[in-house]
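One file, coords.pdb, carrying PDB, C-alpha atoms:
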```pdb
ATOM      1  CA  MET A  18     -10.458  35.639  -4.272
ATOM      2  CA  ASP A  19     -12.697  36.278  -7.281
ATOM      3  CA  LEU A  20     -14.951  33.504  -8.554
ATOM      4  CA  ILE A  21     -15.909  34.338 -12.132
ATOM      5  CA  SER A  22     -18.945  32.716 -13.692
ATOM      6  CA  GLU A  23     -19.122  31.148 -17.121
ATOM      7  CA  GLU A  24     -21.785  33.697 -18.103
ATOM      8  CA  LYS A  25     -19.581  36.692 -17.286
ATOM      9  CA  MET A  26     -16.687  35.324 -19.333
ATOM     10  CA  ALA A  27     -18.913  34.284 -22.251
ATOM     11  CA  ASP A  28     -19.570  37.897 -23.210
ATOM     12  CA  MET A  29     -15.927  38.945 -23.116
ATOM     13  CA  THR A  30     -13.292  38.948 -25.855
ATOM     14  CA  ALA A  31     -10.045  37.056 -25.304
ATOM     15  CA  MET A  32      -8.162  40.268 -24.539
ATOM     16  CA  GLU A  33     -10.834  41.428 -22.085
ATOM     17  CA  LYS A  34     -10.594  38.116 -20.235
ATOM     18  CA  ILE A  35      -6.798  38.307 -20.088
ATOM     19  CA  ARG A  36      -6.868  41.915 -18.881
ATOM     20  CA  LEU A  37      -9.417  41.037 -16.179
ATOM     21  CA  ILE A  38      -7.260  38.120 -15.002
ATOM     22  CA  LEU A  39      -3.942  39.963 -15.030
ATOM     23  CA  ASP A  40      -5.355  43.065 -13.297
ATOM     24  CA  GLY A  41      -6.850  40.854 -10.587
ATOM     25  CA  VAL A  42      -3.693  38.789 -10.118
ATOM     26  CA  LYS A  43      -1.476  41.885  -9.941
ATOM     27  CA  GLU A  44      -3.731  43.151  -7.127
ATOM     28  CA  GLY A  45      -2.926  39.923  -5.296
ATOM     29  CA  LYS A  46      -6.197  38.128  -6.013
ATOM     30  CA  ILE A  47      -6.717  34.459  -6.753
ATOM     31  CA  MET A  48      -8.968  34.221  -9.814
ATOM     32  CA  VAL A  49     -11.162  31.140 -10.168
ATOM     33  CA  LEU A  50     -12.762  30.798 -13.607
ATOM     34  CA  GLU A  51     -15.795  28.525 -13.689
ATOM     35  CA  LYS A  52     -15.273  27.615 -17.340
ATOM     36  CA  GLY A  53     -11.572  28.299 -17.889
ATOM     37  CA  LEU A  54      -9.822  29.592 -20.983
ATOM     38  CA  THR A  55      -9.347  27.999 -24.380
ATOM     39  CA  PRO A  56      -5.823  26.709 -25.124
ATOM     40  CA  THR A  57      -5.278  29.701 -27.447
ATOM     41  CA  GLU A  58      -6.334  32.099 -24.697
ATOM     42  CA  GLU A  59      -4.032  30.330 -22.227
ATOM     43  CA  ALA A  60      -1.099  30.817 -24.615
ATOM     44  CA  LYS A  61      -2.026  34.483 -25.034
ATOM     45  CA  LEU A  62      -2.247  34.863 -21.245
ATOM     46  CA  ILE A  63       1.297  33.461 -20.880
ATOM     47  CA  GLU A  64       2.513  35.874 -23.556
ATOM     48  CA  MET A  65       0.840  38.899 -21.915
ATOM     49  CA  THR A  66       2.105  37.863 -18.489
ATOM     50  CA  MET A  67       5.681  37.895 -19.780
ATOM     51  CA  THR A  68       5.309  41.487 -20.968
ATOM     52  CA  GLU A  69       4.236  42.577 -17.465
ATOM     53  CA  ILE A  70       6.909  40.875 -15.362
ATOM     54  CA  THR A  71       9.087  43.311 -13.428
ATOM     55  CA  PRO A  72      12.002  42.129 -11.273
ATOM     56  CA  GLU A  73      10.885  43.546  -7.925
ATOM     57  CA  ASP A  74       7.095  43.647  -8.214
ATOM     58  CA  PHE A  75       5.633  40.891 -10.364
ATOM     59  CA  ALA A  76       7.264  37.518 -11.095
ATOM     60  CA  GLY A  77       4.378  36.088 -13.089
ATOM     61  CA  ILE A  78       1.424  33.836 -12.491
ATOM     62  CA  GLU A  79       0.637  30.360 -11.356
ATOM     63  CA  ILE A  80      -2.120  28.920 -13.519
ATOM     64  CA  GLU A  81      -3.715  25.554 -13.106
ATOM     65  CA  SER A  82      -6.370  24.125 -15.347
ATOM     66  CA  TYR A  83      -7.463  20.602 -16.124
ATOM     67  CA  PRO A  84      -6.621  19.265 -19.577
ATOM     68  CA  SER A  85      -9.291  20.417 -22.025
ATOM     69  CA  SER A  86     -11.180  17.834 -24.014
ATOM     70  CA  GLN A  87     -13.038  17.752 -27.302
ATOM     71  CA  ASN A  88     -16.725  17.100 -27.730
ATOM     72  CA  GLN A  89     -16.869  13.331 -28.157
ATOM     73  CA  LYS A  90     -20.530  12.948 -29.178
ATOM     74  CA  LEU A  91     -20.642  11.065 -32.490
ATOM     75  CA  ILE A  92     -23.353  13.295 -33.919
ATOM     76  CA  ASP A  93     -21.271  16.398 -33.186
ATOM     77  CA  ARG A  94     -18.113  14.827 -34.621
ATOM     78  CA  ILE A  95     -19.937  14.061 -37.872
ATOM     79  CA  PHE A  96     -21.939  17.213 -38.402
ATOM     80  CA  ARG A  97     -20.020  19.999 -36.776
ATOM     81  CA  LYS A  98     -16.541  21.043 -35.801
ATOM     82  CA  PRO A  99     -15.605  19.450 -32.475
ATOM     83  CA  ALA A 100     -15.748  22.033 -29.712
ATOM     84  CA  ILE A 101     -12.979  22.304 -27.113
ATOM     85  CA  ARG A 102     -14.458  21.767 -23.656
ATOM     86  CA  THR A 103     -12.593  23.973 -21.194
ATOM     87  CA  ARG A 104     -12.687  23.386 -17.462
ATOM     88  CA  LEU A 105     -12.305  25.175 -14.157
ATOM     89  CA  THR A 106      -9.090  27.183 -13.919
ATOM     90  CA  VAL A 107      -7.312  28.793 -10.971
ATOM     91  CA  ILE A 108      -4.873  31.651 -11.532
ATOM     92  CA  GLY A 109      -2.912  33.607  -8.944
ATOM     93  CA  PRO A 110       0.312  35.504  -8.337
ATOM     94  CA  ALA A 111       3.336  33.182  -8.608
ATOM     95  CA  ASN A 112       4.500  34.221  -5.146
ATOM     96  CA  GLN A 113       1.170  33.408  -3.484
ATOM     97  CA  LEU A 114      -0.229  30.349  -5.236
ATOM     98  CA  LYS A 115       1.706  27.113  -5.319
ATOM     99  CA  THR A 116       0.524  23.884  -6.866
ATOM    100  CA  LEU A 117       1.119  20.891  -4.653
ATOM    101  CA  LYS A 118      -0.339  18.151  -6.813
ATOM    102  CA  LYS A 119      -2.280  17.939 -10.005
ATOM    103  CA  ASP A 120      -3.863  15.204 -12.053
ATOM    104  CA  ARG A 121      -6.642  14.928 -14.616
ATOM    105  CA  ASP A 122      -9.420  15.660 -12.122
ATOM    106  CA  LEU A 123      -7.809  17.116  -9.003
ATOM    107  CA  ILE A 124      -5.775  20.247  -8.319
ATOM    108  CA  SER A 125      -4.231  20.603  -4.871
ATOM    109  CA  ALA A 126      -2.769  24.044  -4.197
ATOM    110  CA  LEU A 127      -1.384  26.136  -1.367
ATOM    111  CA  VAL A 128      -2.422  29.782  -1.107
ATOM    112  CA  SER A 129      -0.375  32.107   1.072
ATOM    113  CA  SER A 130      -0.551  35.809   1.897
ATOM    114  CA  GLN A 131       2.179  38.097   0.582
TER     115      GLN A 131
ATOM    116  CA  MET B  13       6.526  -8.117 -44.064
ATOM    117  CA  GLY B  14       3.100  -9.448 -45.064
ATOM    118  CA  PHE B  15       1.765  -8.844 -48.581
ATOM    119  CA  ILE B  16      -1.096  -6.604 -47.438
ATOM    120  CA  LYS B  17       1.194  -4.611 -45.166
ATOM    121  CA  LYS B  18       3.671  -4.165 -48.041
ATOM    122  CA  VAL B  19       0.935  -2.987 -50.439
ATOM    123  CA  LYS B  20      -0.404  -0.623 -47.781
ATOM    124  CA  LYS B  21       3.090   0.834 -47.185
ATOM    125  CA  ASN B  22       3.765   1.257 -50.924
ATOM    126  CA  PHE B  23       0.378   2.897 -51.433
ATOM    127  CA  SER B  24       1.079   5.223 -48.518
ATOM    128  CA  SER B  25       4.484   6.240 -50.004
ATOM    129  CA  ILE B  26       2.947   6.896 -53.435
ATOM    130  CA  PHE B  27       0.121   8.886 -51.850
ATOM    131  CA  LYS B  28       2.584  10.938 -49.811
ATOM    132  CA  SER B  29       4.824  11.638 -52.807
ATOM    133  CA  LEU B  30       1.833  12.726 -54.900
ATOM    134  CA  PHE B  31       0.538  15.107 -52.283
ATOM    135  CA  LYS B  32       3.835  16.045 -50.685
ATOM    136  CA  LYS B  33       3.577  19.406 -48.964
ATOM    137  CA  LYS B  34       6.343  21.851 -48.195
ATOM    138  CA  ILE B  35       8.995  20.905 -45.661
ATOM    139  CA  ALA B  36       7.280  20.657 -42.267
ATOM    140  CA  LYS B  37       8.331  23.087 -39.529
ATOM    141  CA  ILE B  38       8.543  21.193 -36.264
ATOM    142  CA  GLY B  39       8.936  22.948 -32.919
ATOM    143  CA  ILE B  40      10.655  21.387 -29.947
ATOM    144  CA  TYR B  41       8.683  22.566 -26.918
ATOM    145  CA  GLY B  42       8.599  21.972 -23.206
ATOM    146  CA  PRO B  43       9.226  23.536 -19.810
ATOM    147  CA  PRO B  44      12.704  24.867 -18.880
ATOM    148  CA  ASN B  45      15.299  22.140 -18.213
ATOM    149  CA  ALA B  46      13.269  19.364 -19.851
ATOM    150  CA  GLY B  47      16.133  18.720 -22.286
ATOM    151  CA  LYS B  48      14.885  20.454 -25.446
ATOM    152  CA  THR B  49      18.240  21.760 -26.619
ATOM    153  CA  THR B  50      19.972  18.500 -25.664
ATOM    154  CA  LEU B  51      17.487  16.700 -27.905
ATOM    155  CA  ALA B  52      17.788  19.300 -30.698
ATOM    156  CA  ASN B  53      21.591  18.956 -30.544
ATOM    157  CA  ARG B  54      21.357  15.175 -30.760
ATOM    158  CA  ILE B  55      18.978  15.250 -33.750
ATOM    159  CA  ILE B  56      21.064  17.856 -35.611
ATOM    160  CA  ARG B  57      24.337  16.076 -34.768
ATOM    161  CA  ASP B  58      23.019  12.647 -35.813
ATOM    162  CA  TRP B  59      21.639  13.861 -39.152
ATOM    163  CA  THR B  60      23.844  16.820 -40.140
ATOM    164  CA  GLY B  61      26.968  16.569 -37.966
ATOM    165  CA  ASP B  62      26.445  20.068 -36.437
ATOM    166  CA  ALA B  63      25.046  21.287 -33.111
ATOM    167  CA  MET B  64      22.133  23.599 -32.293
ATOM    168  CA  GLY B  65      23.034  25.447 -29.089
ATOM    169  CA  ALA B  66      24.581  25.458 -25.632
ATOM    170  CA  VAL B  67      23.039  23.514 -22.730
ATOM    171  CA  SER B  68      23.337  23.977 -18.961
ATOM    172  CA  ASN B  69      21.457  23.137 -15.775
ATOM    173  CA  VAL B  70      20.554  26.815 -15.240
ATOM    174  CA  PRO B  71      16.936  27.310 -16.351
ATOM    175  CA  HIS B  72      16.285  29.350 -19.526
ATOM    176  CA  GLU B  73      19.715  28.696 -21.042
ATOM    177  CA  THR B  74      17.971  28.937 -24.434
ATOM    178  CA  ARG B  75      16.443  32.407 -24.633
ATOM    179  CA  ARG B  76      16.078  32.745 -28.397
ATOM    180  CA  ALA B  77      14.389  30.289 -30.747
ATOM    181  CA  ARG B  78      16.868  28.625 -33.113
ATOM    182  CA  ARG B  79      15.854  27.201 -36.454
ATOM    183  CA  ARG B  80      17.732  24.606 -38.465
ATOM    184  CA  GLU B  81      16.429  24.083 -41.978
ATOM    185  CA  GLY B  82      16.337  20.967 -44.118
ATOM    186  CA  VAL B  83      17.158  18.214 -41.631
ATOM    187  CA  THR B  84      16.462  14.878 -43.342
ATOM    188  CA  ILE B  85      15.649  11.952 -41.070
ATOM    189  CA  GLU B  86      15.483   8.425 -42.483
ATOM    190  CA  SER B  87      14.191   5.535 -40.465
ATOM    191  CA  ASN B  88      12.752   2.143 -41.233
ATOM    192  CA  GLY B  89      12.207   2.951 -44.918
ATOM    193  CA  SER B  90      10.504   6.295 -44.229
ATOM    194  CA  LYS B  91      12.214   9.600 -44.941
ATOM    195  CA  VAL B  92      11.197  13.086 -43.845
ATOM    196  CA  THR B  93      12.818  16.502 -44.238
ATOM    197  CA  LEU B  94      12.091  18.985 -41.484
ATOM    198  CA  ASP B  95      12.867  22.508 -40.380
ATOM    199  CA  ILE B  96      13.544  22.113 -36.666
ATOM    200  CA  VAL B  97      12.882  24.978 -34.266
ATOM    201  CA  ASP B  98      14.411  24.708 -30.795
ATOM    202  CA  THR B  99      12.310  27.009 -28.616
ATOM    203  CA  PRO B 100      13.032  28.633 -25.236
ATOM    204  CA  GLY B 101      11.449  26.841 -22.281
ATOM    205  CA  LEU B 102       7.856  27.858 -21.656
ATOM    206  CA  ALA B 103       6.895  29.083 -18.202
ATOM    207  CA  THR B 104       4.234  31.224 -16.555
ATOM    208  CA  LYS B 105       6.676  32.888 -14.160
ATOM    209  CA  VAL B 106      10.247  34.137 -14.303
ATOM    210  CA  ASP B 107      11.847  35.149 -11.016
ATOM    211  CA  PHE B 108      15.382  36.525 -11.125
ATOM    212  CA  HIS B 109      16.023  35.121  -7.630
ATOM    213  CA  GLU B 110      15.968  31.659  -9.197
ATOM    214  CA  PHE B 111      19.021  32.585 -11.296
ATOM    215  CA  MET B 112      20.775  34.036  -8.259
ATOM    216  CA  ALA B 113      20.282  30.664  -6.565
ATOM    217  CA  HIS B 114      22.370  29.237  -9.429
ATOM    218  CA  GLY B 115      25.211  31.626  -8.591
ATOM    219  CA  LEU B 116      24.500  34.570 -10.897
ATOM    220  CA  GLU B 117      25.052  38.139  -9.674
ATOM    221  CA  GLU B 118      21.890  40.225  -9.205
ATOM    222  CA  GLU B 119      22.341  42.372 -12.328
ATOM    223  CA  GLU B 120      23.155  39.364 -14.474
ATOM    224  CA  ALA B 121      20.178  37.471 -12.992
ATOM    225  CA  LYS B 122      17.824  40.354 -13.825
ATOM    226  CA  ARG B 123      19.195  40.600 -17.359
ATOM    227  CA  ARG B 124      18.755  36.869 -17.854
ATOM    228  CA  ALA B 125      15.201  37.038 -16.444
ATOM    229  CA  LYS B 126      14.330  39.818 -18.902
ATOM    230  CA  GLU B 127      15.745  37.798 -21.804
ATOM    231  CA  ALA B 128      13.878  34.707 -20.571
ATOM    232  CA  THR B 129      10.525  36.565 -20.693
ATOM    233  CA  GLU B 130      11.284  37.665 -24.267
ATOM    234  CA  GLY B 131      12.201  34.089 -25.163
ATOM    235  CA  ILE B 132       8.901  32.774 -23.785
ATOM    236  CA  ILE B 133       6.971  35.334 -25.864
ATOM    237  CA  GLU B 134       8.895  34.174 -28.931
ATOM    238  CA  ALA B 135       8.134  30.514 -28.151
ATOM    239  CA  VAL B 136       4.396  31.270 -27.821
ATOM    240  CA  LYS B 137       4.403  33.173 -31.125
ATOM    241  CA  TRP B 138       6.094  30.243 -32.909
ATOM    242  CA  LEU B 139       3.068  28.071 -32.016
ATOM    243  CA  ASP B 140       1.117  29.901 -34.759
ATOM    244  CA  ASP B 141       3.704  29.059 -37.408
ATOM    245  CA  LEU B 142       4.398  25.346 -36.972
ATOM    246  CA  ASP B 143       3.231  22.161 -38.656
ATOM    247  CA  GLY B 144       3.834  19.949 -35.629
ATOM    248  CA  VAL B 145       5.452  19.743 -32.220
ATOM    249  CA  ILE B 146       7.801  17.443 -30.340
ATOM    250  CA  LEU B 147       6.871  18.070 -26.719
ATOM    251  CA  VAL B 148       9.784  17.207 -24.448
ATOM    252  CA  MET B 149       8.683  16.220 -20.956
ATOM    253  CA  ASP B 150      10.944  15.479 -18.039
ATOM    254  CA  ALA B 151       9.930  11.902 -17.154
ATOM    255  CA  THR B 152      11.043  12.426 -13.551
ATOM    256  CA  GLU B 153       8.458  15.216 -13.058
ATOM    257  CA  ASP B 154       4.687  15.443 -12.721
ATOM    258  CA  PRO B 155       3.359  15.457 -16.330
ATOM    259  CA  PHE B 156       0.327  17.669 -15.629
ATOM    260  CA  THR B 157       2.266  20.942 -15.662
ATOM    261  CA  GLN B 158       0.470  23.928 -17.094
ATOM    262  CA  VAL B 159       3.007  24.230 -19.907
ATOM    263  CA  ASN B 160       2.343  20.654 -21.037
ATOM    264  CA  VAL B 161      -1.424  21.118 -20.778
ATOM    265  CA  THR B 162      -1.296  24.404 -22.732
ATOM    266  CA  VAL B 163       0.956  23.110 -25.539
ATOM    267  CA  ILE B 164      -1.094  19.929 -25.956
ATOM    268  CA  GLY B 165      -4.344  21.927 -25.895
ATOM    269  CA  ASN B 166      -3.037  24.271 -28.602
ATOM    270  CA  MET B 167      -1.930  21.439 -30.872
ATOM    271  CA  GLU B 168      -5.252  19.633 -30.425
ATOM    272  CA  ALA B 169      -7.217  22.822 -31.123
ATOM    273  CA  ARG B 170      -5.215  23.365 -34.325
ATOM    274  CA  LYS B 171      -5.389  19.645 -35.232
ATOM    275  CA  LEU B 172      -1.611  19.515 -35.677
ATOM    276  CA  PRO B 173       0.498  16.416 -34.984
ATOM    277  CA  LEU B 174       2.187  16.119 -31.624
ATOM    278  CA  LEU B 175       4.792  13.652 -30.476
ATOM    279  CA  ILE B 176       5.782  13.359 -26.818
ATOM    280  CA  ALA B 177       9.426  12.656 -25.986
ATOM    281  CA  ALA B 178       9.503  11.362 -22.394
ATOM    282  CA  ASN B 179      13.061  12.439 -21.638
ATOM    283  CA  LYS B 180      15.604  11.573 -18.932
ATOM    284  CA  ILE B 181      14.952   7.820 -18.820
ATOM    285  CA  ASP B 182      18.618   7.462 -17.829
ATOM    286  CA  LEU B 183      17.528   8.632 -14.352
ATOM    287  CA  PRO B 184      16.211   5.888 -12.041
ATOM    288  CA  GLU B 185      13.226   7.945 -10.844
ATOM    289  CA  SER B 186      11.896   8.499 -14.380
ATOM    290  CA  SER B 187       8.441   7.173 -15.215
ATOM    291  CA  PRO B 188       7.373   7.425 -18.880
ATOM    292  CA  ALA B 189       4.337   5.301 -17.941
ATOM    293  CA  ARG B 190       3.042   8.184 -15.798
ATOM    294  CA  ILE B 191       3.175  10.487 -18.851
ATOM    295  CA  ARG B 192       1.574   7.859 -21.074
ATOM    296  CA  SER B 193      -1.357   7.472 -18.712
ATOM    297  CA  ALA B 194      -1.718  11.268 -18.423
ATOM    298  CA  PHE B 195      -1.871  11.869 -22.191
ATOM    299  CA  PRO B 196      -2.869   8.527 -23.763
ATOM    300  CA  GLN B 197      -4.222  10.197 -26.915
ATOM    301  CA  HIS B 198      -0.727  11.095 -28.222
ATOM    302  CA  PRO B 199       2.217   8.930 -29.346
ATOM    303  CA  LEU B 200       5.040   8.828 -26.818
ATOM    304  CA  VAL B 201       8.643   7.661 -27.034
ATOM    305  CA  PRO B 202      10.720   7.259 -23.839
ATOM    306  CA  ILE B 203      14.255   8.574 -24.516
ATOM    307  CA  SER B 204      17.414   9.870 -22.985
ATOM    308  CA  ALA B 205      18.518  12.816 -25.132
ATOM    309  CA  LEU B 206      21.692  12.917 -23.031
ATOM    310  CA  ASP B 207      22.998   9.392 -23.684
ATOM    311  CA  GLY B 208      20.925   8.525 -26.762
ATOM    312  CA  GLN B 209      18.919   5.691 -25.217
ATOM    313  CA  ASN B 210      16.009   4.670 -27.489
ATOM    314  CA  ILE B 211      16.728   7.579 -29.862
ATOM    315  CA  ASP B 212      16.257   5.363 -32.935
ATOM    316  CA  ALA B 213      12.680   4.687 -31.829
ATOM    317  CA  LEU B 214      12.147   8.469 -31.702
ATOM    318  CA  TYR B 215      13.520   8.871 -35.255
ATOM    319  CA  GLU B 216      11.202   6.125 -36.453
ATOM    320  CA  GLU B 217       8.239   7.865 -34.850
ATOM    321  CA  ILE B 218       9.301  11.277 -36.260
ATOM    322  CA  ALA B 219       9.608   9.866 -39.798
ATOM    323  CA  ASP B 220       6.253   8.153 -39.452
ATOM    324  CA  HIS B 221       4.411  10.948 -37.673
ATOM    325  CA  PHE B 222       5.621  14.073 -39.488
ATOM    326  CA  GLY B 223       6.267  12.557 -42.928
TER     327      GLY B 223
END
```

Any chance you could give the structure as structure tokens?
Amino acid sequence: MDLISEEKMADMTAMEKIRLILDGVKEGKIMVLEKGLTPTEEAKLIEMTMTEITPEDFAGIEIESYPSSQNQKLIDRIFRKPAIRTRLTVIGPANQLKTLKKDRDLISALVSSQ
Amino acid sequence: MGFIKKVKKNFSSIFKSLFKKKIAKIGIYGPPNAGKTTLANRIIRDWTGDAMGAVSNVPHETRRARRREGVTIESNGSKVTLDIVDTPGLATKVDFHEFMAHGLEEEEAKRRAKEATEGIIEAVKWLDDLDGVILVMDATEDPFTQVNVTVIGNMEARKLPLLIAANKIDLPESSPARIRSAFPQHPLVPISALDGQNIDALYEEIADHFG
């Protein structure tokens, strides 16, 4: 399992983040991102995952993140573009990570060995 | 209708007609088997008399996005013309064994899985080219699926309108209230795309929301 800090991800481009995640997952790792991905990056990750699926070796990913939220501070809403607040995200191989239950603030998952 | 409400509605119609933009492209999104194509078929049939595509209980029956242009929906005095895009079901995994469990031969299952991955890529790409989304959720399932979270996040980030269709209310275990409490910030209409329950309320919301 790799636990990736917000600081490490902050310096990476979207494609670098996606490559890091997919390479890790294809090695069988569970990737835990402290700060998660933006919704656009999540969509890109799904797209890239689809290009790498092969029938016998890689069936895709299981990804679980909490719903993102926008900056709700009045001062920020008035004077600057609301920022999307991303949250902790867990990503793993589809055949090893299974979500049992998920709600706004709790993810319950089962991790198994291959 | 009260006087103020009437004035407000008339002003809104004049404002809309003055600043009317091009026909809005609306995508129908959701996970596989949520009922997207069933809903698309019902909308197209009700307003044009045609159908959009085939439906089945095998996941990823729709593997290519289909677009129907110029569908005019009128409801409660509001009228909107839309281009409707029925997209393949979004997913983060595609396992050909799942198709074999539905009775497909191995080769056919692998071919379908390959087409399903291409369909998902197409659905993701369409997100960049839409003016709004009808997100179809299966009201018998947990609403916090990653597909729902990702589609909603993308629409919110782009500040585009989103309407949730809580589908399958014809099934006793359905719970639109669970979806409403999960995503209270977006309008939601409980429907059965299969038997047409509450579909007029959806048309009213579409005309109001995307007009």

Output the residue selection produced by the ChimeraX specification (/A :<9) & /B on the file above, formatted as a ChimeraX atom specification.
/B:102-109,122,125-126,128-130,132-134,136-137,139,154-158,161-169,194

Rank B:Ser90, B:Leu116, B:Thr152, B:Ala205 by their smallest atom-to-atom distance to Val67 (chain B), using only C-alpha atoms, and report the top residue only.
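Selected residue with least distance to Val67 (chain B): B:Ala205.
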
How many Å separate CA of Val83 (chain B) from CA of Ala151 (chain B)?
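Result for CA of Val83 (chain B) versus CA of Ala151 (chain B): 26.3 Å, one decimal.
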
Which is closer to Ala31 (chain A) than all the others in A:Val107, A:Met18, A:Val49, A:Leu54, using only C-alpha atoms?
A:Leu54

Take the PyMOL selection byres ((chain B and resi 148) around 9), apply it to the structure above, and return the hits as a ChimeraX atom specification.
/B:40-43,46-48,51,146-147,149-150,160,175-179

Please indicate the distance in Å from CA of Gly39 (chain B) to CA of Met64 (chain B), rounded to one decimal place.
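CA of Met64 (chain B) lies at a distance of 13.2 Å from CA of Gly39 (chain B).
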
For CA of Thr50 (chain B) and CA of Lys180 (chain B), the interatomic separation in Å (one decimal)
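About the pair CA of Thr50 (chain B) and CA of Lys180 (chain B): they are 10.6 Å apart.
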
Run through the PyMOL selection byres ((chain B and resi 77) around 9) on the given coordinates and return the selected residues as a ChimeraX atom specification.
/B:74-76,78-79,97-100,131,134-135,138

Find the residues around Glu23 (chain A) up to 8 Å (all atoms listed in the file counted), leave out those fewer than 6 positions away in its own chain, and share them as JSON, numbers by chain.
{"A": [50, 51, 52]}

Go ahead and save the picked residues with C-alpha atoms, as a tab-separated table (two decimals), in the frame of the given file.
```tsv
chain	number	residue	atom	x	y	z
A	50	LEU	CA	-12.76	30.80	-13.61
A	51	GLU	CA	-15.80	28.52	-13.69
A	52	LYS	CA	-15.27	27.62	-17.34
```

Quick one: what's the axis-aligned box for region 62-69 of chain A, all listed atoms, 8 Å on every side, centre and edges in Å to one decimal, as AutoDock Vina command-line options?
```
--center_x 1.7 --center_y 38.0 --center_z -20.5 --size_x 23.9 --size_y 25.1 --size_z 22.1
```

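In this comparison, which uses only C-alpha atoms, the residue of B:Leu214, B:Phe222, B:Thr49, B:Gly101 approaching Gly65 (chain B) most closely is B:Thr49.
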
So which residues fall inside 10 Å of (17.6, 13.2, -43.7) if we count only C-alpha atoms? Mind giving them as a ChimeraX atom specification?
/B:56,58-60,82-87,90-94,219

Counting only C-alpha atoms, write as a PyMOL selection string all protein and nucleic acid residues lying at most 10 Å from (-4.8, 39.9, -16.7) in the file's frame.
chain A and resi 32-43+48+62-63+65-66+69+78+108

Take the residues just selected and output them with C-alpha atoms as a tab-separated table (two decimals), keeping the file's coordinate frame.
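Printed below is result.tsv as written:
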```
chain	number	residue	atom	x	y	z
A	32	MET	CA	-8.16	40.27	-24.54
A	33	GLU	CA	-10.83	41.43	-22.08
A	34	LYS	CA	-10.59	38.12	-20.24
A	35	ILE	CA	-6.80	38.31	-20.09
A	36	ARG	CA	-6.87	41.92	-18.88
A	37	LEU	CA	-9.42	41.04	-16.18
A	38	ILE	CA	-7.26	38.12	-15.00
A	39	LEU	CA	-3.94	39.96	-15.03
A	40	ASP	CA	-5.36	43.06	-13.30
A	41	GLY	CA	-6.85	40.85	-10.59
A	42	VAL	CA	-3.69	38.79	-10.12
A	43	LYS	CA	-1.48	41.88	-9.94
A	48	MET	CA	-8.97	34.22	-9.81
A	62	LEU	CA	-2.25	34.86	-21.24
A	63	ILE	CA	1.30	33.46	-20.88
A	65	MET	CA	0.84	38.90	-21.92
A	66	THR	CA	2.10	37.86	-18.49
A	69	GLU	CA	4.24	42.58	-17.46
A	78	ILE	CA	1.42	33.84	-12.49
A	108	ILE	CA	-4.87	31.65	-11.53
```

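Near Asp182 (chain B), within 9 Å and counting only C-alpha atoms, sit Ser186, Ile203, Ser204, Leu206, Asp207 and Gln209 of chain B, not including residues fewer than 4 positions from it in the same chain.
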